[in-house]
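A short write-up of the structure that comes next.
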Amino acid sequence: MAPSSNSRSAGAVLTVEQMAAAEHAAMVSGVSEWELMQRAGEGAARWVARMSGGRTVSVLCGPGNNGGDGYVIADFLYRSGIPVSVVAPKPPATDTAKKARETCVAPISSDGFPAAEVYVDCLFGYGLSRQVEGAFATLLEHLRDTTGYKIAIDVPSSIASDTGENLGPSLYYDLTIALGAWKRAHFIMPAMAGMGVKRLVDIGLDIAEDAPVLSAAPQIEPPAPDSHKYRRGLLAVVAGEMPGAPLLAAEAAMRSGAGYVKLLSEHSHPDAPAELVVEGGDLAATLSDERIAAVLVGPGLGRDAKARGKLSAALDAGKPILFDADALHLLDPALIEGGDTSQLAVTPHEGELAQLCAAFSIEGESKIERARALHEKTGITVLAKGPDSILVGSKGVRFFNRGPSWLSAAGTGDVLAGIAASRIAVHGDPQRALEEAVWLHSEAAHIAGPAFTAGELARTVNQALECFL
Ligand SMILES: NC(=O)C1=CN([C@@H]2O[C@H](COP(=O)(O)OP(=O)(O)OC[C@H]3O[C@@H](n4cnc5c(N)ncnc54)[C@H](OP(=O)(O)O)[C@@H]3O)[C@@H](O)[C@H]2O)[C@@H](O)CC1
Ligand SMILES: Nc1ncnc2c1ncn2[C@@H]1O[C@H](COP(=O)(O)OP(=O)(O)O)[C@@H](O)[C@H]1O
Ligand SMILES: [K+]
């Protein structure tokens with residue numbers, strides 16, 4: 001019953017089509033659908049047993065294989081001596097689910113909503129194809145209104161797996177147990193916000209290595225014993241019209257690993273910390289310093305002709321560049337033409353992504369499609385940030401767990417940009433840097449506690465670094 005040892009499903013985030021293909025491949029290789037359902041159901045049942053701790057359990061079963069999993073779970077719990085019953089408004093429609101129901105020894109009813117302390121939702125999984133109505137909707141409304149502990153099996157039953165769209169009563173779960181691989185909905189807003197703690201049950205699927213994956217915590221190297229400030233990375237932050245944003249970014253960058261951070265500005269910055277070198281003069285000449293390992297341009301830049309000139313100067317320097325904020329409103333195909341875009345990265349929020357897509361004539365139905373198309377068309381590494389950040393670069397697509405919602409404060413994007421640019425200055429790999437930045441930003445927010453300011457967040461990043469050393 002144990003999954004095969006060559007399972008490569010850990011971390012993959014799949015569409016329904018990819019999931020069905022992986023299951024089909026397993027069956028072609030000789031593992032029956034029944035066997036897969038046993039692995040999925042038993043794996044999930046072990047979690048349910050652990051979480052229920054002897055409390056009464058009710059399993060809601062739908063007509064497809066998600067319902068089939070439900071019968072396997074109920075059977076396992078019943079045989080383990082846990083008080084469990086099943087509600088199934090409709091009989092199973094697939095052969096495998098029928099077999100699961102036939103072998104289930106737990107009591108089954110077709111109507112009502114039994115009082116229980118723990119509820120396991122197996123009405124629909126990734127096969128949900130339309131609005132949930134009738135008896136199924138009524139069950140989900142009851143579930144929404146109970147105070148019991150709620151567990152979703154594979155995906156919550158009113159959530160469309162690929163889009164995260166809500167196709168029925170919207171409710172919050174305490175635990176969501178994904179089967180075989182993560183689905184996109186697990187990491188897309190608003191769906192991911194209602195799933196509670198998420199766990200993955202391995203059922204031994206062999207999944208293509210280039211599939212999108214859930215980002216794993218980075219391992220950050222301390223400076224080498226023979227490091228000096230330049231070898232650790234010199235980051236140039238290009239300032240513009242508004243002084244606050246680049247200062248915030250620089251504050252974060254100084255605490256993210258770069259050995260030296262300079263603010264390139266024609267203004268004086270009396271509020272700048274003593275450790276931050278502020279340098280005026282001709283930007284193109286300053287950026288020609290070969291010791292500069294990376295450039296950050298965009299926070300507080302402005303969007304006028306002068307700002308565009310600075311963007312141009314940064315690009316002409318031929319160094320790795322992170323573009324954020326105002327720079328994302330200025331970037332266009334003409335600016336990057338002929339350059340090495342593999343060293344360029346962007347960190348747009350939804351609005352900035354829309355702006356970039358317009359500038360580069362890109363269409364896409366969802367955030368992931370738009371981010372992927374932007375990367376494919378330009379070669380630029382893209383972090384489409386937000387509560388559900390998605391990173392697309394030459395190493396593929398990365399999804400992330402949600403960071404603290406306290407990050408929804410003005411200036412936190414400048415902090416993220418500072419962290420990411422600092423990491424680029426350290427090792428020169430934009431995708432790795434952006435992935436590290438999302439983790440550091442999120443961890444810094446945990447450390448900063450509630451209602452922090454962007455400045456406080458920036459000054460917490462070095463403590464966050466400690467978690468990844
Ligand atoms: N395949 C495998 O190897 C494994 C799969 N596994 C499990 O199977 C799940 C996927 O199973 P699935 O494809 O059978 O789909 P599922 O989510 O149960 O629902 C489809 C059923 O519901 C129906 N239906 C849809 N929408 C509806 C609506 N709004 N209102 C009413 N009915 C609606 C639809 O009927 P139809 O559209 O034909 O009318 C069909 O009968 C997956 O999430 C995982 O839990 C694991 O056991 C591991 C092995
Ligand atoms: N609700 C939220 N939950 C988690 N992270 C969030 C949330 N809202 C915003 N963030 C994060 O906070 C940052 C906000 O950046 P941005 O929108 O550029 O703000 P600003 O322009 O004010 O700096 C991004 O890194 C984003 O991922
Ligand atoms: K479900």
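Going by the structure tokens order, chains are called A, B, ..., each with residues numbered from 1, while ligands are numbered from 1 in the order shown.
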Sorted by chain and rising residue number, which residues of stretch 196-247 of chain A lie within 12 Å of stretch 148-154 of chain A, and what are their closest atom pairs and distances in Å to one decimal, counting only C-alpha atoms, as CSV?
residue,atom,partner,partner_atom,distance
A:Gly196,CA,A:Ile151,CA,8.8
A:Val197,CA,A:Ile151,CA,9.5
A:Lys198,CA,A:Ala152,CA,9.5
A:Arg199,CA,A:Asp154,CA,9.4
A:Leu200,CA,A:Asp154,CA,8.6
A:Val201,CA,A:Asp154,CA,9.1
A:Asp202,CA,A:Asp154,CA,11.7
* Around ligand 2, at most 8 Å away and counting only C-alpha atoms and all ligand atoms, which residues are there? Put them as a PyMOL selection string, please. => chain A and resi 245+324-325+347-349+385-389+402-416+438+441-442
* Which residue gives the smallest distance to ligand 3 among A:Gly379, A:Pro156, A:Gly134, A:Gly281, with only C-alpha atoms and all ligand atoms counted? ->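 Using only C-alpha atoms and all ligand atoms, ligand 3 sits closest to A:Pro156.
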* To do: Give the residues close to ligand 1, within 7 Å, counting only C-alpha atoms and all ligand atoms; write them as a PyMOL selection string.
  => chain A and resi 20+23-24+33+36-37+40-41+62-69+93-94+123-133+153-155+179-180
* Between A:Cys467, A:Leu296, A:Thr378, A:Val278, which is the closest to A:Asp340 once you count only C-alpha atoms? -> A:Thr378
* To do: From the DSSP assignment of the backbone, select every residue of stretch 139-370 of chain A that is alpha helix (DSSP H), and format the answer as a count of residues only.
  => 57
* Just the residues within 7 Å of A:Glu279, please, counting only C-alpha atoms, with nothing from its chain fewer than 2 positions along; format it as a list in words. =>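 Answer for this query is Lys262, Leu263, Leu264, Ser265, Val277 and Gly281 of chain A.
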Would you put the residues from that selection into a file with C-alpha atoms, as a compact mmCIF listing (two decimals), in the first residue's frame?
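That gives us result-v1.txt:
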# COMPACT_ATOMS: atom_id res chain seq x y z
CA LYS A 262 24.80 53.01 -2.22
CA LEU A 263 21.98 55.40 -2.91
CA LEU A 264 22.57 57.16 -6.23
CA SER A 265 20.78 60.47 -5.93
CA VAL A 277 26.54 55.98 1.16
CA GLY A 281 27.04 62.96 -9.98
Determine which residues of stretch 320-448 of chain A receive a DSSP assignment of strand (DSSP E or B), computed from the backbone, and state them as a PDB file with C-alpha atoms, in the first residue's frame.
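Everything below was put into result-v8.pdb:
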ATOM      1  CA  ILE A 321      18.757  45.060 -12.480  1.00  0.00           C
ATOM      2  CA  LEU A 322      15.627  44.769 -10.403  1.00  0.00           C
ATOM      3  CA  PHE A 323      12.794  47.001 -11.643  1.00  0.00           C
ATOM      4  CA  LEU A 344      16.649  41.522 -15.377  1.00  0.00           C
ATOM      5  CA  ALA A 345      13.841  41.034 -12.858  1.00  0.00           C
ATOM      6  CA  VAL A 346      10.523  42.732 -12.114  1.00  0.00           C
ATOM      7  CA  THR A 381      12.302  37.022 -14.276  1.00  0.00           C
ATOM      8  CA  VAL A 382       8.859  37.956 -12.946  1.00  0.00           C
ATOM      9  CA  LEU A 383       7.618  37.983  -9.358  1.00  0.00           C
ATOM     10  CA  ALA A 384       3.889  38.730  -9.524  1.00  0.00           C
ATOM     11  CA  ILE A 390       3.936  33.697  -8.181  1.00  0.00           C
ATOM     12  CA  LEU A 391       7.516  33.640  -9.442  1.00  0.00           C
ATOM     13  CA  VAL A 392       8.379  32.770 -13.057  1.00  0.00           C
ATOM     14  CA  GLY A 393      11.934  32.507 -14.318  1.00  0.00           C
ATOM     15  CA  GLY A 396      10.233  27.433 -13.887  1.00  0.00           C
ATOM     16  CA  VAL A 397       7.284  28.515 -11.777  1.00  0.00           C
ATOM     17  CA  ARG A 398       7.213  28.821  -7.989  1.00  0.00           C
ATOM     18  CA  PHE A 399       4.133  29.224  -5.791  1.00  0.00           C
TER      19      PHE A 399
END
